[in-house]
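Source file my_file17.cif; content: mmCIF, N, CA and C atoms.
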```
data_coords
#
loop_
_atom_site.label_atom_id
_atom_site.label_comp_id
_atom_site.auth_asym_id
_atom_site.auth_seq_id
_atom_site.Cartn_x
_atom_site.Cartn_y
_atom_site.Cartn_z
N MET A 112 25.32 22.28 -57.93
CA MET A 112 25.70 23.58 -57.37
C MET A 112 24.80 23.88 -56.18
N SER A 113 25.39 24.33 -55.09
CA SER A 113 24.60 24.60 -53.91
C SER A 113 23.94 25.98 -53.98
N LYS A 114 22.95 26.15 -53.16
CA LYS A 114 22.18 27.39 -53.12
C LYS A 114 23.06 28.54 -52.62
N GLN A 115 22.97 29.70 -53.26
CA GLN A 115 23.70 30.89 -52.87
C GLN A 115 22.84 31.70 -51.89
N ILE A 116 23.38 32.00 -50.72
CA ILE A 116 22.63 32.71 -49.68
C ILE A 116 23.43 33.95 -49.27
N THR A 117 22.76 35.09 -49.16
CA THR A 117 23.43 36.33 -48.76
C THR A 117 23.48 36.43 -47.24
N LYS A 118 24.34 37.33 -46.74
CA LYS A 118 24.44 37.55 -45.30
C LYS A 118 23.11 38.07 -44.74
N ALA A 119 22.40 38.88 -45.53
CA ALA A 119 21.10 39.40 -45.08
C ALA A 119 20.09 38.27 -44.91
N GLU A 120 20.12 37.29 -45.81
CA GLU A 120 19.22 36.14 -45.69
C GLU A 120 19.58 35.29 -44.48
N VAL A 121 20.86 35.14 -44.22
CA VAL A 121 21.32 34.37 -43.05
C VAL A 121 20.81 35.05 -41.78
N ALA A 122 20.89 36.36 -41.73
CA ALA A 122 20.48 37.12 -40.55
C ALA A 122 19.00 36.94 -40.23
N GLN A 123 18.18 36.62 -41.22
CA GLN A 123 16.75 36.43 -41.01
C GLN A 123 16.44 35.07 -40.38
N HIS A 124 17.35 34.15 -40.45
CA HIS A 124 17.14 32.79 -39.94
C HIS A 124 17.80 32.62 -38.58
N LYS A 125 17.10 33.04 -37.54
CA LYS A 125 17.67 32.92 -36.20
C LYS A 125 16.63 32.52 -35.16
N ASP A 126 15.67 31.70 -35.58
CA ASP A 126 14.68 31.19 -34.63
C ASP A 126 14.81 29.68 -34.49
N GLU A 127 13.95 29.08 -33.69
CA GLU A 127 14.06 27.64 -33.40
C GLU A 127 13.84 26.75 -34.63
N LYS A 128 13.09 27.24 -35.63
CA LYS A 128 12.79 26.42 -36.82
C LYS A 128 13.93 26.40 -37.83
N SER A 129 14.56 27.53 -38.01
CA SER A 129 15.70 27.59 -38.94
C SER A 129 16.72 28.57 -38.37
N MET A 130 17.85 28.04 -37.98
CA MET A 130 18.90 28.82 -37.35
C MET A 130 20.17 28.66 -38.17
N TYR A 131 20.48 29.68 -38.98
CA TYR A 131 21.63 29.61 -39.88
C TYR A 131 22.86 30.25 -39.22
N ILE A 132 24.01 29.63 -39.48
CA ILE A 132 25.30 30.24 -39.14
C ILE A 132 26.21 30.13 -40.36
N ILE A 133 27.21 30.98 -40.40
CA ILE A 133 28.19 30.96 -41.48
C ILE A 133 29.51 30.45 -40.91
N VAL A 134 30.11 29.48 -41.58
CA VAL A 134 31.45 29.01 -41.25
C VAL A 134 32.23 28.98 -42.56
N ASP A 135 33.26 29.79 -42.63
CA ASP A 135 34.03 30.00 -43.86
C ASP A 135 33.07 30.50 -44.94
N ASP A 136 32.88 29.76 -46.02
CA ASP A 136 31.95 30.21 -47.05
C ASP A 136 30.69 29.35 -47.09
N GLY A 137 30.49 28.52 -46.09
CA GLY A 137 29.32 27.65 -46.03
C GLY A 137 28.26 28.19 -45.09
N VAL A 138 27.00 27.92 -45.41
CA VAL A 138 25.88 28.32 -44.56
C VAL A 138 25.24 27.03 -44.03
N TYR A 139 25.08 26.96 -42.71
CA TYR A 139 24.61 25.75 -42.06
C TYR A 139 23.37 26.04 -41.23
N ASP A 140 22.38 25.14 -41.29
CA ASP A 140 21.18 25.24 -40.47
C ASP A 140 21.39 24.35 -39.25
N VAL A 141 21.61 24.97 -38.09
CA VAL A 141 21.92 24.22 -36.87
C VAL A 141 20.71 24.06 -35.95
N ALA A 142 19.52 24.41 -36.42
CA ALA A 142 18.32 24.32 -35.59
C ALA A 142 18.08 22.89 -35.10
N GLY A 143 18.32 21.91 -35.93
CA GLY A 143 18.11 20.52 -35.55
C GLY A 143 19.25 19.93 -34.73
N PHE A 144 20.30 20.71 -34.53
CA PHE A 144 21.49 20.25 -33.83
C PHE A 144 21.60 20.84 -32.42
N LEU A 145 20.66 21.70 -32.04
CA LEU A 145 20.74 22.41 -30.76
C LEU A 145 20.92 21.48 -29.57
N ASP A 146 20.11 20.44 -29.48
CA ASP A 146 20.16 19.53 -28.34
C ASP A 146 21.40 18.64 -28.35
N ASP A 147 22.00 18.44 -29.51
CA ASP A 147 23.16 17.57 -29.63
C ASP A 147 24.50 18.28 -29.44
N HIS A 148 24.49 19.61 -29.49
CA HIS A 148 25.74 20.37 -29.38
C HIS A 148 26.34 20.21 -27.98
N PRO A 149 27.57 19.72 -27.89
CA PRO A 149 28.20 19.48 -26.59
C PRO A 149 28.31 20.74 -25.71
N GLY A 150 28.44 21.89 -26.33
CA GLY A 150 28.55 23.14 -25.58
C GLY A 150 27.22 23.71 -25.15
N GLY A 151 26.13 23.09 -25.58
CA GLY A 151 24.79 23.55 -25.23
C GLY A 151 24.18 24.42 -26.31
N ALA A 152 22.87 24.49 -26.29
CA ALA A 152 22.11 25.25 -27.29
C ALA A 152 22.35 26.75 -27.16
N LYS A 153 22.68 27.20 -25.97
CA LYS A 153 22.88 28.63 -25.72
C LYS A 153 23.95 29.23 -26.64
N ILE A 154 25.01 28.48 -26.87
CA ILE A 154 26.10 28.97 -27.72
C ILE A 154 25.64 29.12 -29.17
N LEU A 155 24.92 28.12 -29.67
CA LEU A 155 24.43 28.19 -31.05
C LEU A 155 23.40 29.30 -31.21
N LYS A 156 22.55 29.49 -30.22
CA LYS A 156 21.54 30.56 -30.28
C LYS A 156 22.21 31.93 -30.32
N ARG A 157 23.31 32.08 -29.61
CA ARG A 157 24.04 33.35 -29.58
C ARG A 157 24.61 33.69 -30.96
N MET A 158 25.01 32.66 -31.72
CA MET A 158 25.63 32.89 -33.03
C MET A 158 24.64 32.83 -34.19
N ALA A 159 23.39 32.55 -33.91
CA ALA A 159 22.39 32.41 -34.96
C ALA A 159 22.30 33.66 -35.83
N GLY A 160 22.30 33.45 -37.14
CA GLY A 160 22.19 34.54 -38.09
C GLY A 160 23.47 35.32 -38.29
N LYS A 161 24.59 34.80 -37.79
CA LYS A 161 25.86 35.52 -37.87
C LYS A 161 26.96 34.66 -38.47
N ASP A 162 28.09 35.31 -38.71
CA ASP A 162 29.29 34.61 -39.17
C ASP A 162 30.00 34.04 -37.94
N ALA A 163 30.02 32.74 -37.82
CA ALA A 163 30.60 32.07 -36.66
C ALA A 163 31.97 31.46 -36.96
N THR A 164 32.59 31.87 -38.05
CA THR A 164 33.85 31.27 -38.48
C THR A 164 34.93 31.33 -37.41
N LYS A 165 35.17 32.51 -36.87
CA LYS A 165 36.24 32.69 -35.89
C LYS A 165 36.00 31.83 -34.65
N GLN A 166 34.78 31.86 -34.12
CA GLN A 166 34.47 31.08 -32.93
C GLN A 166 34.49 29.59 -33.22
N PHE A 167 34.02 29.19 -34.39
CA PHE A 167 34.01 27.77 -34.74
C PHE A 167 35.42 27.20 -34.74
N TRP A 168 36.34 27.87 -35.44
CA TRP A 168 37.70 27.34 -35.54
C TRP A 168 38.48 27.46 -34.24
N LYS A 169 38.06 28.34 -33.35
CA LYS A 169 38.72 28.46 -32.05
C LYS A 169 38.48 27.22 -31.20
N TYR A 170 37.27 26.64 -31.31
CA TYR A 170 36.90 25.51 -30.45
C TYR A 170 36.75 24.17 -31.15
N HIS A 171 36.79 24.15 -32.50
CA HIS A 171 36.58 22.91 -33.25
C HIS A 171 37.71 22.67 -34.23
N GLY A 172 37.86 21.43 -34.62
CA GLY A 172 38.84 21.05 -35.62
C GLY A 172 38.16 20.75 -36.94
N LYS A 173 38.98 20.46 -37.93
CA LYS A 173 38.47 20.15 -39.27
C LYS A 173 37.57 18.92 -39.26
N SER A 174 37.84 17.98 -38.38
CA SER A 174 37.06 16.74 -38.33
C SER A 174 35.60 17.00 -37.96
N VAL A 175 35.35 18.02 -37.15
CA VAL A 175 33.97 18.35 -36.75
C VAL A 175 33.19 18.83 -37.97
N LEU A 176 33.81 19.68 -38.77
CA LEU A 176 33.15 20.19 -39.97
C LEU A 176 32.93 19.06 -40.98
N GLU A 177 33.88 18.15 -41.09
CA GLU A 177 33.74 17.02 -42.02
C GLU A 177 32.64 16.06 -41.56
N LYS A 178 32.48 15.92 -40.25
CA LYS A 178 31.48 14.99 -39.72
C LYS A 178 30.05 15.54 -39.82
N TYR A 179 29.85 16.78 -39.41
CA TYR A 179 28.51 17.35 -39.34
C TYR A 179 28.15 18.26 -40.51
N GLY A 180 29.17 18.80 -41.19
CA GLY A 180 28.94 19.75 -42.27
C GLY A 180 27.99 19.29 -43.36
N PRO A 181 28.21 18.11 -43.94
CA PRO A 181 27.35 17.68 -45.05
C PRO A 181 25.86 17.58 -44.72
N LYS A 182 25.52 17.18 -43.50
CA LYS A 182 24.10 17.04 -43.18
C LYS A 182 23.47 18.35 -42.70
N LEU A 183 24.28 19.33 -42.30
CA LEU A 183 23.74 20.61 -41.83
C LEU A 183 23.83 21.72 -42.87
N LYS A 184 24.62 21.53 -43.91
CA LYS A 184 24.84 22.58 -44.90
C LYS A 184 23.60 22.82 -45.76
N VAL A 185 23.23 24.10 -45.90
CA VAL A 185 22.08 24.47 -46.72
C VAL A 185 22.48 25.27 -47.96
N GLY A 186 23.73 25.72 -48.00
CA GLY A 186 24.17 26.49 -49.15
C GLY A 186 25.53 27.12 -48.91
N THR A 187 25.89 28.01 -49.82
CA THR A 187 27.15 28.74 -49.70
C THR A 187 26.87 30.23 -49.62
N LEU A 188 27.80 30.95 -49.05
CA LEU A 188 27.66 32.38 -48.90
C LEU A 188 27.87 33.08 -50.24
N LYS A 189 26.93 33.91 -50.60
CA LYS A 189 27.00 34.64 -51.87
C LYS A 189 27.93 35.83 -51.72
N GLU A 190 28.83 35.97 -52.66
CA GLU A 190 29.75 37.09 -52.65
C GLU A 190 28.97 38.39 -52.87
N GLU A 191 29.30 39.40 -52.08
CA GLU A 191 28.64 40.70 -52.21
C GLU A 191 29.69 41.75 -52.54
N ALA A 192 29.29 42.77 -53.24
CA ALA A 192 30.19 43.84 -53.60
C ALA A 192 30.63 44.59 -52.35
N LYS A 193 31.93 44.84 -52.23
CA LYS A 193 32.46 45.60 -51.11
C LYS A 193 32.63 47.04 -51.56
N LEU A 194 31.98 47.91 -50.85
CA LEU A 194 32.05 49.33 -51.22
C LEU A 194 33.07 50.08 -50.41
#
```

Let's see the structure in the file written out as structure tokens.
Amino acid sequence: MSKQITKAEVAQHKDEKSMYIIVDDGVYDVAGFLDDHPGGAKILKRMAGKDATKQFWKYHGKSVLEKYGPKLKVGTLKEEAKL
């Protein structure tokens, strides 16, 4: 079972050492991928600590998530009560 991470915890990880983004229900640490991202590090830095699902699927296909997802994934998004 993967680690459960809340949106608040994701928001705390937005520096060069640990940069988390959310795609669907997965949480990914993209800090080590900054230099390899074809669109440049600037795009990943802009989305750090946020839900990047909409932007990810706009520019990427399922194959990108299948290729890089397993090595970048740090956990899953924890369900929170909606008030």

Show which residues sit within 7 Å of region 147-161 of chain A, as JSON, numbers by chain. Count only C-alpha atoms, and ignore same-chain residues fewer than 5 positions away.
-> {"A": [121, 122, 123, 124, 125, 130, 131, 132, 133]}

Identify all residues of region 114-165 of chain A in helix (DSSP H, G or I) (DSSP on the backbone) and supply them as a ChimeraX atom specification.
-> /A:118-123,142-144,152-158,164-165

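Once the PyMOL selection byres (((chain A and resi 139 and name CA) around 9) and name CA) is applied to this file, the selection holds Met130, Tyr131, Ile132, Ile133, Val134, Gly137, Val138, Asp140, Val141, Gly180, Lys182, Leu183, Lys184, Val185, Gly186 and Thr187 of chain A.
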
CA of Phe167 (chain A) and CA of Asp136 (chain A) are how many Å apart?
->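 So the two atoms, CA of Phe167 (chain A) and CA of Asp136 (chain A), lie 12.7 Å apart.
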
Please report, as a ChimeraX atom specification, each residue of region 157-192 of chain A to which DSSP assigns strand (DSSP E or B) when run on this structure's backbone.
-> /A:162,184-188

Written file, previous selection with N, CA and C atoms, as a CSV table (one decimal), keeping the file's coordinate frame:
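File result_14.csv, as written:
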```csv
chain,number,residue,atom,x,y,z
A,162,ASP,N,28.1,35.3,-38.7
A,162,ASP,CA,29.3,34.6,-39.2
A,162,ASP,C,30.0,34.0,-37.9
A,184,LYS,N,24.6,21.5,-43.9
A,184,LYS,CA,24.8,22.6,-44.9
A,184,LYS,C,23.6,22.8,-45.8
A,185,VAL,N,23.2,24.1,-45.9
A,185,VAL,CA,22.1,24.5,-46.7
A,185,VAL,C,22.5,25.3,-48.0
A,186,GLY,N,23.7,25.7,-48.0
A,186,GLY,CA,24.2,26.5,-49.2
A,186,GLY,C,25.5,27.1,-48.9
A,187,THR,N,25.9,28.0,-49.8
A,187,THR,CA,27.2,28.7,-49.7
A,187,THR,C,26.9,30.2,-49.6
A,188,LEU,N,27.8,31.0,-49.0
A,188,LEU,CA,27.7,32.4,-48.9
A,188,LEU,C,27.9,33.1,-50.2
```

Work out how far apart atom N of His171 (chain A) and CA of Glu127 (chain A) are and give it in Å to one decimal.
->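 Rounded to one decimal, the two atoms are 23.0 Å apart.
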
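CA of Gly172 (chain A) to atom N of Ala142 (chain A) spans 19.6 Å [interatomic distance, one decimal].
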
Restricting the calculation to only C-alpha atoms, which member of A:Lys173, A:Leu194, A:Lys189, A:Leu145 is positioned closest to Gln115 (chain A)?
->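 Closest candidate: A:Lys189.
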
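Closest approach to Glu120 (chain A) among A:Lys169, A:Leu188, A:Tyr179, A:Lys193 is made by A:Leu188 (distances from only C-alpha atoms).
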